[in-house]
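Containing mmCIF, C-alpha atoms: protein_31.cif.
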```cif
data_input
#
loop_
_atom_site.label_atom_id
_atom_site.label_comp_id
_atom_site.auth_asym_id
_atom_site.auth_seq_id
_atom_site.Cartn_x
_atom_site.Cartn_y
_atom_site.Cartn_z
CA MET F 1 40.94 -41.15 -22.40
CA LYS F 2 40.03 -39.10 -19.37
CA LYS F 3 37.06 -37.74 -21.26
CA LEU F 4 35.94 -41.19 -22.13
CA ILE F 5 36.00 -42.26 -18.50
CA ALA F 6 34.10 -39.19 -17.54
CA ALA F 7 31.48 -39.85 -20.19
CA PHE F 8 31.23 -43.44 -19.13
CA GLY F 9 30.88 -42.39 -15.55
CA LEU F 10 28.14 -39.95 -16.45
CA ALA F 11 26.28 -42.62 -18.39
CA LEU F 12 26.53 -44.97 -15.43
CA PHE F 13 25.35 -42.23 -13.15
CA ILE F 14 22.33 -41.52 -15.30
CA THR F 15 21.32 -45.15 -15.65
CA GLY F 16 22.02 -45.53 -11.97
CA CYS F 17 19.58 -42.80 -11.22
CA ASN F 18 17.04 -44.35 -13.48
CA ALA F 19 17.49 -47.68 -11.84
CA THR F 20 16.82 -46.34 -8.38
CA THR F 21 13.69 -44.42 -9.37
CA PRO F 22 10.67 -46.60 -8.90
CA ASP F 23 7.92 -46.49 -11.49
CA LYS F 24 5.85 -44.12 -9.39
CA PRO F 25 7.18 -40.74 -10.69
CA ALA F 26 5.01 -40.76 -13.78
CA SER F 27 1.87 -40.70 -11.66
CA LYS F 28 3.35 -38.28 -9.14
CA GLN F 29 4.19 -36.03 -12.01
CA ALA F 30 0.67 -36.23 -13.34
CA GLN F 31 -0.64 -35.52 -9.87
CA TYR F 32 1.66 -32.53 -9.66
CA GLU F 33 0.61 -31.20 -13.04
CA ALA F 34 -3.06 -31.40 -12.12
CA ALA F 35 -2.45 -29.79 -8.75
CA LEU F 36 -0.44 -27.01 -10.36
CA LYS F 37 -3.23 -26.24 -12.80
CA ASN F 38 -5.77 -26.08 -9.99
CA ALA F 39 -3.53 -23.97 -7.80
CA GLN F 40 -2.79 -21.52 -10.57
CA ALA F 41 -6.47 -21.10 -11.33
CA ALA F 42 -7.21 -20.53 -7.64
CA VAL F 43 -4.46 -17.92 -7.40
CA ASP F 44 -5.76 -16.08 -10.46
CA LYS F 45 -9.24 -16.12 -8.98
CA ALA F 46 -8.01 -14.66 -5.68
CA ALA F 47 -5.95 -12.04 -7.49
CA SER F 48 -8.93 -11.03 -9.63
CA VAL F 49 -10.71 -9.81 -6.50
CA GLY F 50 -7.60 -8.30 -4.88
CA GLY F 51 -7.40 -11.13 -2.35
CA GLU F 52 -3.98 -12.60 -3.07
CA TRP F 53 -1.83 -13.21 -0.03
CA ARG F 54 1.80 -12.24 0.28
CA ASP F 55 3.61 -15.52 0.21
CA ILE F 56 2.04 -17.21 -2.78
CA ARG F 57 4.22 -15.76 -5.53
CA TRP F 58 5.05 -12.13 -4.82
CA LYS F 59 8.64 -11.56 -5.89
CA LYS F 60 9.88 -10.22 -2.56
CA SER F 61 8.27 -12.90 -0.43
CA LYS F 62 10.75 -15.15 1.30
CA LYS F 63 8.47 -18.14 0.85
CA LYS F 64 7.02 -17.83 -2.64
CA TYR F 65 5.16 -21.12 -2.36
CA LEU F 66 4.10 -21.33 -5.99
CA PRO F 67 7.47 -20.69 -7.65
CA SER F 68 9.10 -22.92 -5.01
CA ALA F 69 6.70 -25.73 -5.90
CA ILE F 70 7.56 -25.40 -9.57
CA GLU F 71 11.24 -25.43 -8.73
CA ALA F 72 10.89 -28.51 -6.54
CA ALA F 73 9.11 -30.32 -9.35
CA LYS F 74 11.84 -29.34 -11.79
CA ALA F 75 14.33 -30.91 -9.42
CA GLY F 76 12.20 -34.03 -9.39
CA ASP F 77 10.94 -33.65 -5.83
CA TYR F 78 7.24 -34.05 -6.50
CA ASP F 79 6.41 -34.76 -2.88
CA LYS F 80 7.73 -31.39 -1.84
CA ALA F 81 6.07 -29.72 -4.82
CA LEU F 82 2.71 -31.22 -3.91
CA LYS F 83 3.03 -30.14 -0.30
CA LEU F 84 3.76 -26.59 -1.38
CA LEU F 85 0.88 -26.59 -3.84
CA ASP F 86 -1.38 -27.65 -1.03
CA ILE F 87 -0.47 -24.47 0.80
CA VAL F 88 -0.93 -22.42 -2.35
CA GLN F 89 -4.36 -23.93 -2.94
CA PHE F 90 -5.44 -23.27 0.63
CA GLN F 91 -4.14 -19.69 0.72
CA ALA F 92 -5.58 -18.81 -2.66
CA GLU F 93 -9.01 -20.13 -1.75
CA ALA F 94 -8.89 -18.47 1.65
CA GLY F 95 -7.85 -15.16 0.11
CA TYR F 96 -10.73 -15.33 -2.34
CA LYS F 97 -13.24 -16.18 0.39
CA GLN F 98 -11.88 -13.40 2.54
CA ALA F 99 -12.31 -10.84 -0.23
CA MET F 100 -15.87 -12.03 -0.81
CA ALA F 101 -16.66 -11.91 2.90
CA GLN F 102 -15.30 -8.36 3.02
CA LYS F 103 -17.26 -7.12 0.04
CA ASN F 104 -19.38 -4.81 2.15
CA ALA F 105 -16.72 -3.86 4.65
CA GLY F 106 -17.09 -0.38 6.04
CA PRO F 107 -16.70 1.60 9.25
CA ARG F 108 -18.06 0.12 12.48
CA PHE F 109 -18.62 3.44 14.16
CA MET U 1 -46.87 -13.25 1.72
CA LYS U 2 -44.20 -13.79 -0.87
CA LYS U 3 -44.65 -10.25 -2.07
CA MET U 4 -44.35 -9.00 1.44
CA LEU U 5 -41.10 -10.87 1.88
CA THR U 6 -39.60 -9.51 -1.31
CA LEU U 7 -40.69 -6.09 -0.28
CA LEU U 8 -39.11 -6.41 3.12
CA LEU U 9 -35.98 -7.92 1.65
CA SER U 10 -35.55 -5.24 -0.97
CA ALA U 11 -36.22 -2.55 1.58
CA GLY U 12 -33.50 -4.07 3.73
CA LEU U 13 -31.15 -4.21 0.79
CA VAL U 14 -31.80 -0.61 -0.07
CA ALA U 15 -31.18 0.36 3.51
CA THR U 16 -27.77 -1.36 3.62
CA ALA U 17 -26.88 0.04 0.22
CA THR U 18 -27.55 3.59 1.29
CA GLN U 19 -25.66 3.01 4.49
CA ALA U 20 -22.62 1.91 2.51
CA MET U 21 -23.01 4.95 0.28
CA SER U 22 -23.04 7.62 2.98
CA SER U 23 -21.65 10.80 1.51
CA PRO U 24 -17.97 11.63 1.86
CA LYS U 25 -18.98 14.58 4.01
CA GLU U 26 -20.85 12.33 6.45
CA ASP U 27 -17.98 9.86 6.45
CA LEU U 28 -15.57 12.62 7.34
CA ALA U 29 -17.76 13.86 10.18
CA HIS U 30 -18.07 10.38 11.69
CA PHE U 31 -14.38 9.69 11.29
CA ARG U 32 -13.40 12.93 12.96
CA THR U 33 -15.86 12.44 15.81
CA TYR U 34 -14.59 8.94 16.43
CA PHE U 35 -11.03 10.16 17.01
CA GLU U 36 -12.10 13.21 18.96
CA GLN U 37 -14.00 11.01 21.37
CA ARG U 38 -11.28 8.42 21.51
CA PHE U 39 -8.50 10.97 22.17
CA PRO U 40 -10.24 13.97 23.70
CA GLY U 41 -7.04 15.69 24.80
CA ILE U 42 -5.47 15.89 21.36
CA GLN U 43 -5.89 18.88 19.09
CA LEU U 44 -6.78 18.24 15.48
CA ASN U 45 -3.46 19.23 13.90
CA GLU U 46 -1.56 17.12 16.41
CA PHE U 47 -2.86 14.00 14.70
CA GLY U 48 -0.52 14.85 11.84
CA ASN U 49 2.32 13.79 14.11
CA GLY U 50 1.25 10.17 14.01
CA PRO U 51 2.27 8.00 16.93
CA TYR U 52 4.03 10.96 18.56
CA ALA U 53 0.67 12.59 19.16
CA LEU U 54 -0.47 9.56 21.12
CA ASP U 55 2.54 8.46 23.16
CA ALA U 56 4.52 10.70 25.50
CA SER U 57 7.79 8.77 25.59
CA LYS U 58 7.92 8.32 21.82
CA ARG U 59 7.20 12.00 21.53
CA LEU U 60 10.29 12.96 23.52
CA GLN U 61 12.57 10.94 21.24
CA TRP U 62 10.91 12.44 18.21
CA GLU U 63 11.22 16.01 19.45
CA SER U 64 14.95 15.56 19.86
CA MET U 65 15.18 14.18 16.31
CA GLU U 66 13.29 17.17 14.98
CA GLU U 67 15.99 19.50 16.33
CA PHE U 68 18.32 18.41 13.53
CA PRO U 69 15.89 16.74 11.19
CA PRO U 70 17.54 14.17 8.92
CA TYR U 71 15.17 15.01 6.08
CA GLU U 72 16.52 18.53 5.65
CA GLU U 73 19.19 17.58 3.15
CA TYR U 74 16.53 15.90 1.01
CA VAL U 75 14.38 19.00 1.02
CA ASP U 76 17.44 20.75 -0.40
CA LYS U 77 17.93 18.00 -2.96
CA GLY U 78 14.29 18.35 -3.91
CA ARG U 79 14.69 22.07 -4.35
CA GLU U 80 17.58 21.40 -6.69
CA ILE U 81 15.50 18.96 -8.71
CA TRP U 82 12.72 21.55 -8.90
CA GLU U 83 15.08 24.26 -10.11
CA THR U 84 17.26 22.27 -12.48
CA PRO U 85 16.10 22.71 -16.08
CA PHE U 86 15.30 19.67 -18.25
CA LYS U 87 17.35 19.04 -21.38
CA ASN U 88 14.79 21.03 -23.34
CA GLY U 89 15.35 24.06 -21.13
CA LYS U 90 11.98 23.86 -19.37
CA SER U 91 11.56 22.81 -15.75
CA PHE U 92 8.93 21.42 -13.39
CA ALA U 93 7.48 24.92 -13.11
CA SER U 94 6.30 24.54 -16.71
CA CYS U 95 3.97 21.78 -15.52
CA PHE U 96 3.14 22.86 -11.98
CA GLY U 97 3.35 26.63 -12.06
CA LYS U 98 6.10 28.82 -10.63
CA ASP U 99 4.95 28.88 -7.03
CA ALA U 100 6.25 25.70 -5.43
CA SER U 101 4.15 26.27 -2.30
CA LYS U 102 0.93 25.85 -4.28
CA VAL U 103 1.63 22.40 -5.71
CA ARG U 104 1.26 19.90 -2.91
CA PRO U 105 -2.14 21.08 -1.63
CA LYS U 106 -3.71 20.24 -5.01
CA TYR U 107 -3.14 16.52 -4.59
CA PRO U 108 -4.63 14.02 -4.80
CA HIS U 109 -7.47 15.14 -7.01
CA TRP U 110 -10.06 13.71 -9.33
CA ASP U 111 -9.33 14.20 -13.00
CA LYS U 112 -12.51 14.24 -14.99
CA ALA U 113 -10.90 13.85 -18.39
CA SER U 114 -9.09 10.62 -17.55
CA SER U 115 -11.63 9.50 -14.89
CA LYS U 116 -8.79 8.85 -12.50
CA VAL U 117 -7.42 9.96 -9.19
CA VAL U 118 -4.28 11.94 -9.95
CA THR U 119 -1.45 12.01 -7.42
CA LEU U 120 1.52 14.31 -7.06
CA GLU U 121 3.87 11.50 -7.96
CA GLY U 122 1.80 10.67 -11.02
CA ASP U 123 2.02 14.24 -12.25
CA ILE U 124 5.74 14.47 -11.51
CA ASN U 125 6.43 11.55 -13.82
CA LYS U 126 3.91 12.78 -16.37
CA CYS U 127 5.78 16.07 -16.48
CA LEU U 128 9.12 14.32 -16.93
CA LYS U 129 7.82 12.18 -19.77
CA ALA U 130 6.14 15.12 -21.49
CA ASN U 131 9.51 16.82 -21.50
CA GLY U 132 11.45 13.89 -22.85
CA GLU U 133 12.99 13.02 -19.49
CA LYS U 134 13.19 9.61 -17.86
CA PRO U 135 10.51 9.17 -15.18
CA PHE U 136 11.58 8.66 -11.55
CA GLY U 137 10.95 5.47 -9.57
CA TRP U 138 7.66 5.58 -7.67
CA LYS U 139 8.59 4.89 -4.06
CA LYS U 140 11.88 6.51 -3.11
CA GLY U 141 14.78 8.53 -4.38
CA LYS U 142 14.22 11.62 -6.50
CA ILE U 143 10.44 11.44 -6.50
CA ALA U 144 10.49 11.52 -2.70
CA HIS U 145 13.08 14.31 -2.63
CA LEU U 146 10.97 16.50 -4.88
CA GLY U 147 7.88 15.57 -2.86
CA ALA U 148 9.69 16.51 0.35
CA PHE U 149 10.56 19.93 -1.06
CA LEU U 150 7.02 20.57 -2.31
CA GLY U 151 5.60 19.40 1.01
CA TYR U 152 7.99 21.61 2.94
CA GLU U 153 7.04 24.63 0.85
CA ALA U 154 3.36 23.91 1.54
CA ARG U 155 3.72 23.47 5.31
CA GLY U 156 0.91 25.05 7.24
CA GLN U 157 -1.61 24.89 4.40
CA LYS U 158 -4.60 22.69 4.95
CA THR U 159 -5.37 19.37 3.35
CA ASN U 160 -8.35 19.97 1.14
CA VAL U 161 -9.29 17.05 -1.06
CA VAL U 162 -12.42 17.54 -3.12
CA VAL U 163 -14.59 14.59 -4.04
CA PRO U 164 -16.74 15.95 -6.85
CA ASN U 165 -20.34 14.89 -7.14
CA ASP U 166 -19.63 12.72 -10.16
CA PRO U 167 -20.52 9.03 -10.08
CA LYS U 168 -17.07 7.93 -11.20
CA ALA U 169 -15.31 10.10 -8.65
CA LEU U 170 -17.62 8.84 -5.94
CA GLN U 171 -16.92 5.28 -7.03
CA ALA U 172 -13.17 5.88 -6.75
CA TYR U 173 -13.73 7.31 -3.28
CA GLU U 174 -15.90 4.33 -2.32
CA ASP U 175 -13.27 1.92 -3.63
CA GLY U 176 -10.62 3.63 -1.54
CA LYS U 177 -12.88 3.54 1.48
CA HIS U 178 -13.59 -0.13 0.96
CA PHE U 179 -9.88 -0.86 0.65
CA PHE U 180 -9.32 0.86 3.97
CA TYR U 181 -11.99 -1.06 5.87
CA ALA U 182 -11.63 -4.50 4.29
CA LYS U 183 -9.64 -7.13 6.12
CA ARG U 184 -6.97 -8.72 4.01
CA GLY U 185 -3.94 -10.99 4.08
CA GLN U 186 -3.22 -14.08 6.10
CA LEU U 187 -3.53 -12.05 9.31
CA ASN U 188 -7.00 -10.93 8.27
CA MET U 189 -6.63 -7.30 9.27
CA ALA U 190 -7.85 -4.06 7.76
CA CYS U 191 -6.07 -0.72 7.76
CA ALA U 192 -8.87 0.35 10.06
CA ASP U 193 -8.17 -2.43 12.55
CA CYS U 194 -4.73 -1.07 13.32
CA HIS U 195 -5.19 2.64 12.61
CA VAL U 196 -8.75 3.21 13.83
CA TYR U 197 -9.81 0.59 16.37
CA TYR U 198 -6.35 -0.12 17.82
CA ALA U 199 -4.86 3.36 17.35
CA GLY U 200 -2.70 4.35 20.31
CA GLN U 201 -1.93 0.77 21.28
CA ARG U 202 1.48 -0.83 21.13
CA ILE U 203 2.40 -3.48 18.64
CA ARG U 204 5.94 -4.90 18.56
CA GLY U 205 7.52 -1.75 19.96
CA ASN U 206 5.45 0.52 17.72
CA VAL U 207 2.60 2.74 18.78
CA LEU U 208 -0.18 2.52 16.23
CA SER U 209 -0.93 5.92 14.75
CA ALA U 210 -4.42 7.22 14.10
CA ALA U 211 -5.51 7.25 10.47
CA LEU U 212 -6.64 10.80 11.05
CA GLY U 213 -3.66 12.89 9.96
CA HIS U 214 -1.97 9.95 8.28
CA THR U 215 -1.18 11.66 5.00
CA THR U 216 -0.08 15.15 6.00
CA HIS U 217 3.63 14.42 6.47
CA PHE U 218 4.39 12.39 3.36
CA PRO U 219 6.89 11.81 1.92
CA VAL U 220 8.40 10.73 5.18
CA TYR U 221 11.92 10.12 6.43
CA ARG U 222 12.01 6.81 8.30
CA ALA U 223 15.02 5.61 10.21
CA LYS U 224 14.07 2.13 9.07
CA TRP U 225 14.21 3.15 5.43
CA ALA U 226 17.69 4.61 5.93
CA LYS U 227 19.13 1.21 6.79
CA LYS U 228 21.48 -0.54 4.40
CA GLY U 229 19.82 -1.64 1.20
CA LYS U 230 16.59 0.24 1.91
CA GLY U 231 17.50 3.62 0.49
CA ASP U 232 18.24 7.04 1.98
CA GLY U 233 15.33 7.06 4.44
CA LEU U 234 12.79 8.91 2.36
CA GLY U 235 9.71 7.22 0.97
CA THR U 236 6.31 8.01 -0.51
CA LEU U 237 2.86 7.26 0.82
CA HIS U 238 2.44 4.34 -1.54
CA ARG U 239 5.66 2.84 -0.28
CA ARG U 240 4.12 2.90 3.17
CA TYR U 241 0.88 1.37 1.87
CA GLY U 242 2.90 -1.50 0.45
CA GLY U 243 4.66 -1.99 3.78
CA CYS U 244 1.40 -2.08 5.70
CA ASN U 245 -0.12 -4.59 3.25
CA LYS U 246 2.94 -6.82 3.60
CA GLN U 247 2.71 -6.71 7.38
CA VAL U 248 -0.62 -8.47 7.31
CA ARG U 249 0.76 -10.90 4.72
CA ALA U 250 -1.28 -9.60 1.86
CA ARG U 251 0.37 -9.16 -1.50
CA PRO U 252 1.08 -5.45 -1.83
CA PHE U 253 -0.33 -3.63 -4.84
CA LYS U 254 1.71 -1.63 -7.28
CA ALA U 255 2.67 1.88 -6.21
CA GLN U 256 0.53 4.33 -8.18
CA GLY U 257 -1.79 1.57 -9.36
CA LYS U 258 -5.52 2.16 -9.18
CA GLU U 259 -5.98 0.51 -5.78
CA TYR U 260 -3.51 2.75 -3.96
CA ARG U 261 -4.51 5.89 -5.82
CA ASN U 262 -8.13 5.39 -4.78
CA LEU U 263 -7.02 4.58 -1.26
CA GLU U 264 -5.00 7.80 -1.18
CA PHE U 265 -8.07 9.71 -2.36
CA PHE U 266 -10.20 8.45 0.54
CA HIS U 267 -7.38 8.40 3.08
CA THR U 268 -6.30 11.99 2.38
CA TYR U 269 -9.88 13.20 2.30
CA MET U 270 -10.25 11.89 5.85
CA SER U 271 -7.53 14.36 6.88
CA ASN U 272 -9.19 17.38 5.30
CA GLY U 273 -8.66 20.46 7.41
CA LEU U 274 -5.37 19.22 8.85
CA GLU U 275 -2.20 21.11 8.10
CA ILE U 276 0.40 19.76 5.73
CA ASN U 277 3.58 19.10 7.72
CA ALA U 278 5.71 17.24 5.23
CA PRO U 279 8.25 15.85 5.26
CA GLY U 280 7.94 14.10 8.59
CA TYR U 281 10.34 12.03 10.63
CA ARG U 282 9.34 8.58 11.85
CA GLU U 283 11.24 5.68 13.36
#
```
Written form, structure tokens:
Amino acid sequence: MKKLIAAFGLALFITGCNATTPDKPASKQAQYEAALKNAQAAVDKAASVGGEWRDIRWKKSKKKYLPSAIEAAKAGDYDKALKLLDIVQFQAEAGYKQAMAQKNAGPRF
Amino acid sequence: MKKMLTLLLSAGLVATATQAMSSPKEDLAHFRTYFEQRFPGIQLNEFGNGPYALDASKRLQWESMEEFPPYEEYVDKGREIWETPFKNGKSFASCFGKDASKVRPKYPHWDKASSKVVTLEGDINKCLKANGEKPFGWKKGKIAHLGAFLGYEARGQKTNVVVPNDPKALQAYEDGKHFFYAKRGQLNMACADCHVYYAGQRIRGNVLSAALGHTTHFPVYRAKWAKKGKGDGLGTLHRRYGGCNKQVRARPFKAQGKEYRNLEFFHTYMSNGLEINAPGYRE
């Protein structure tokens, strides 16, 4: 009997959740998926020229923006995920540009 | 007119290209002169003492540490590692030769056969694997203990890295040089920014050491690396490289990967002529 109540409660909880989620998530999710793809490509591009910054995904970084974005999306928080991906995108592009700008770096003396 | 422009342009390009490709010898001369002019009162070998060569109050603290150096027990541990036979009965001497004092000064060097810069740590693990032993970790622990012993035995001998006149070796040297001078990370700073242009200045309680003499005392015992969870204090040069990359918020490269090996090649070459004084003590 107790089990039944629990199961019933769980079902209610799930439908309840569903009920409160507006119909937006599908598009947010799509937005997230596209942003993730772009961000990952930008990170790979930066890494390919040795220009990846510390906090994008390095395992000992305290921020790890990219894995954190993926985690946020898994938890259904697409707004947070998109914000984090924004940072990833910016840092990856900046890291790539930096490496390109430094291509001919050498002593200034 | 067009021809003239192309001519001028290509001449300009050639000029910059040759400038970037100045020979290692010329690089070394300029590098040395820069520091000599910047710190005229400091003798060449003193640069091997890092920030303690540049700052009097730091130097006093350091001198008192050196009276009972905390790295001594690790030199002893390293000696033990050197002398303890492998399971197959051989020992490190079978790879490096019997005279432990002759090992450290050979590194890093260019290996023609593999077209790679070979480091002491790389050869330590190569030796272990060739003898059916498990390789050591790259950044601390046994590899640093053995390095400390080999450095200690070689104290007083001069750094003498050879960059052979071989296009691949020169490319490795150039790559290391580029790594050193290129700004990186979110803070947009190069090794050279801190350790050439700002050497001697204070940054968050630290005095920035000169890159001249940077490699002579590695592996190093750092008080910071003796803190809980960080290890026993000893660490390799590549561990330090990783730390300095992190500081500018760049993703560090793998210890003993190509980037750091080439950097070590250039970086150590810049200290040619300076005495090995490993292991060192640093805060």
Skipping near chain neighbours, those fewer than 4 positions away, what residues fall within 6 Å of U:Gly200 using all atoms listed in the file, listed as a ChimeraX atom specification?
-> /U:54,207-208
Selection: 10 Å around U:Tyr198, only C-alpha atoms, excl. self and same-chain fewer than 3 positions, as a PyMOL selection string | chain U and resi 192-195+201-203+207-210
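Across the model, the gap from atom CA of U:Glu46 to atom CA of U:Ile276 is 11.2 Å.
Residue-level contacts from chain U to chain F at 6 Å, counting only C-alpha atoms, read Tyr181, Ala182, Gly185, Arg249, Ala250 and Arg251 of chain U.
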Kindly export the residues of the current selection with C-alpha atoms, as a CSV table (one decimal), keeping the file's coordinate frame.
```
chain,number,residue,atom,x,y,z
U,181,TYR,CA,-12.0,-1.1,5.9
U,182,ALA,CA,-11.6,-4.5,4.3
U,185,GLY,CA,-3.9,-11.0,4.1
U,249,ARG,CA,0.8,-10.9,4.7
U,250,ALA,CA,-1.3,-9.6,1.9
U,251,ARG,CA,0.4,-9.2,-1.5
```
Exactly which residues make up the result of the PyMOL selection byres ((chain U and resi 95-111) around 9) on this file, given as a ChimeraX atom specification?
-> /U:82,91-94,112-120,123-124,127,147,149-155,157-164,169,172,261,264-265,268-269,276
Selection from above, C-alpha atoms, as a PDB file, keeping the file's coordinate frame, can you write it?
```pdb
ATOM      1  CA  TRP U  82      12.720  21.550  -8.900  1.00  0.00           C
ATOM      2  CA  SER U  91      11.560  22.810 -15.750  1.00  0.00           C
ATOM      3  CA  PHE U  92       8.930  21.420 -13.390  1.00  0.00           C
ATOM      4  CA  ALA U  93       7.480  24.920 -13.110  1.00  0.00           C
ATOM      5  CA  SER U  94       6.300  24.540 -16.710  1.00  0.00           C
ATOM      6  CA  LYS U 112     -12.510  14.240 -14.990  1.00  0.00           C
ATOM      7  CA  ALA U 113     -10.900  13.850 -18.390  1.00  0.00           C
ATOM      8  CA  SER U 114      -9.090  10.620 -17.550  1.00  0.00           C
ATOM      9  CA  SER U 115     -11.630   9.500 -14.890  1.00  0.00           C
ATOM     10  CA  LYS U 116      -8.790   8.850 -12.500  1.00  0.00           C
ATOM     11  CA  VAL U 117      -7.420   9.960  -9.190  1.00  0.00           C
ATOM     12  CA  VAL U 118      -4.280  11.940  -9.950  1.00  0.00           C
ATOM     13  CA  THR U 119      -1.450  12.010  -7.420  1.00  0.00           C
ATOM     14  CA  LEU U 120       1.520  14.310  -7.060  1.00  0.00           C
ATOM     15  CA  ASP U 123       2.020  14.240 -12.250  1.00  0.00           C
ATOM     16  CA  ILE U 124       5.740  14.470 -11.510  1.00  0.00           C
ATOM     17  CA  CYS U 127       5.780  16.070 -16.480  1.00  0.00           C
ATOM     18  CA  GLY U 147       7.880  15.570  -2.860  1.00  0.00           C
ATOM     19  CA  PHE U 149      10.560  19.930  -1.060  1.00  0.00           C
ATOM     20  CA  LEU U 150       7.020  20.570  -2.310  1.00  0.00           C
ATOM     21  CA  GLY U 151       5.600  19.400   1.010  1.00  0.00           C
ATOM     22  CA  TYR U 152       7.990  21.610   2.940  1.00  0.00           C
ATOM     23  CA  GLU U 153       7.040  24.630   0.850  1.00  0.00           C
ATOM     24  CA  ALA U 154       3.360  23.910   1.540  1.00  0.00           C
ATOM     25  CA  ARG U 155       3.720  23.470   5.310  1.00  0.00           C
ATOM     26  CA  GLN U 157      -1.610  24.890   4.400  1.00  0.00           C
ATOM     27  CA  LYS U 158      -4.600  22.690   4.950  1.00  0.00           C
ATOM     28  CA  THR U 159      -5.370  19.370   3.350  1.00  0.00           C
ATOM     29  CA  ASN U 160      -8.350  19.970   1.140  1.00  0.00           C
ATOM     30  CA  VAL U 161      -9.290  17.050  -1.060  1.00  0.00           C
ATOM     31  CA  VAL U 162     -12.420  17.540  -3.120  1.00  0.00           C
ATOM     32  CA  VAL U 163     -14.590  14.590  -4.040  1.00  0.00           C
ATOM     33  CA  PRO U 164     -16.740  15.950  -6.850  1.00  0.00           C
ATOM     34  CA  ALA U 169     -15.310  10.100  -8.650  1.00  0.00           C
ATOM     35  CA  ALA U 172     -13.170   5.880  -6.750  1.00  0.00           C
ATOM     36  CA  ARG U 261      -4.510   5.890  -5.820  1.00  0.00           C
ATOM     37  CA  GLU U 264      -5.000   7.800  -1.180  1.00  0.00           C
ATOM     38  CA  PHE U 265      -8.070   9.710  -2.360  1.00  0.00           C
ATOM     39  CA  THR U 268      -6.300  11.990   2.380  1.00  0.00           C
ATOM     40  CA  TYR U 269      -9.880  13.200   2.300  1.00  0.00           C
ATOM     41  CA  ILE U 276       0.400  19.760   5.730  1.00  0.00           C
TER      42      ILE U 276
END
```
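One distance worth recording is that between atom CA of F:Gln31 and atom CA of F:Tyr78, which is 8.7 Å.
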If you count only C-alpha atoms, which residues fall within 12 Å of U:Glu72, apart from same-chain ones fewer than 2 positions away, as a ChimeraX atom specification?
-> /U:65-70,74-79,145,148-149,151-152,220-221,233-234,278-281
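Pairwise distance (atom CA of U:Glu80, atom CA of U:Ala144) equals 12.8 Å.
Selection around (-5.7, -5.2, 4.1) with radius 7 Å, counting all atoms listed in the file, yields the residues Phe179, Ala182, Lys183, Arg184, Gly185, Met189, Ala190, Cys191, Asn245, Val248 and Ala250 of chain U.
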Output for the residues just chosen: C-alpha atoms as a PDB file, in the frame of the given file:
```
ATOM      1  CA  PHE U 179      -9.880  -0.860   0.650  1.00  0.00           C
ATOM      2  CA  ALA U 182     -11.630  -4.500   4.290  1.00  0.00           C
ATOM      3  CA  LYS U 183      -9.640  -7.130   6.120  1.00  0.00           C
ATOM      4  CA  ARG U 184      -6.970  -8.720   4.010  1.00  0.00           C
ATOM      5  CA  GLY U 185      -3.940 -10.990   4.080  1.00  0.00           C
ATOM      6  CA  MET U 189      -6.630  -7.300   9.270  1.00  0.00           C
ATOM      7  CA  ALA U 190      -7.850  -4.060   7.760  1.00  0.00           C
ATOM      8  CA  CYS U 191      -6.070  -0.720   7.760  1.00  0.00           C
ATOM      9  CA  ASN U 245      -0.120  -4.590   3.250  1.00  0.00           C
ATOM     10  CA  VAL U 248      -0.620  -8.470   7.310  1.00  0.00           C
ATOM     11  CA  ALA U 250      -1.280  -9.600   1.860  1.00  0.00           C
TER      12      ALA U 250
END
```
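Residues with any atom within 8 Å of F:Leu85, counting only C-alpha atoms and excluding same-chain neighbours fewer than 3 positions away, are Ala35, Leu36, Ala39, Tyr65, Leu66, Ala69, Ala81, Leu82, Val88 and Gln89 of chain F.
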Just the residues within 10 Å of F:Ala73, please, counting only C-alpha atoms, with nothing from its chain fewer than 6 positions along; format it as number ranges by chain.
-> F: 28-29, 32-33, 67, 79-82
Sel. within 12 Å of pt (-14.8, 12.3, 14.0), counting all atoms listed in the file, output as an mmCIF file with C-alpha atoms, keeping the file's coordinate frame:
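result_29.cif was written with the following content:
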```cif
data_model
loop_
_atom_site.group_PDB
_atom_site.id
_atom_site.type_symbol
_atom_site.label_atom_id
_atom_site.label_comp_id
_atom_site.auth_asym_id
_atom_site.auth_seq_id
_atom_site.Cartn_x
_atom_site.Cartn_y
_atom_site.Cartn_z
ATOM 1 C CA PRO F 107 -16.700 1.600 9.250
ATOM 2 C CA PHE F 109 -18.620 3.440 14.160
ATOM 3 C CA LYS U 25 -18.980 14.580 4.010
ATOM 4 C CA GLU U 26 -20.850 12.330 6.450
ATOM 5 C CA ASP U 27 -17.980 9.860 6.450
ATOM 6 C CA LEU U 28 -15.570 12.620 7.340
ATOM 7 C CA ALA U 29 -17.760 13.860 10.180
ATOM 8 C CA HIS U 30 -18.070 10.380 11.690
ATOM 9 C CA PHE U 31 -14.380 9.690 11.290
ATOM 10 C CA ARG U 32 -13.400 12.930 12.960
ATOM 11 C CA THR U 33 -15.860 12.440 15.810
ATOM 12 C CA TYR U 34 -14.590 8.940 16.430
ATOM 13 C CA PHE U 35 -11.030 10.160 17.010
ATOM 14 C CA GLU U 36 -12.100 13.210 18.960
ATOM 15 C CA GLN U 37 -14.000 11.010 21.370
ATOM 16 C CA ARG U 38 -11.280 8.420 21.510
ATOM 17 C CA PHE U 39 -8.500 10.970 22.170
ATOM 18 C CA PRO U 40 -10.240 13.970 23.700
ATOM 19 C CA LEU U 44 -6.780 18.240 15.480
ATOM 20 C CA VAL U 196 -8.750 3.210 13.830
ATOM 21 C CA ALA U 210 -4.420 7.220 14.100
ATOM 22 C CA ALA U 211 -5.510 7.250 10.470
ATOM 23 C CA LEU U 212 -6.640 10.800 11.050
ATOM 24 C CA GLY U 213 -3.660 12.890 9.960
ATOM 25 C CA MET U 270 -10.250 11.890 5.850
ATOM 26 C CA SER U 271 -7.530 14.360 6.880
ATOM 27 C CA ASN U 272 -9.190 17.380 5.300
#
```
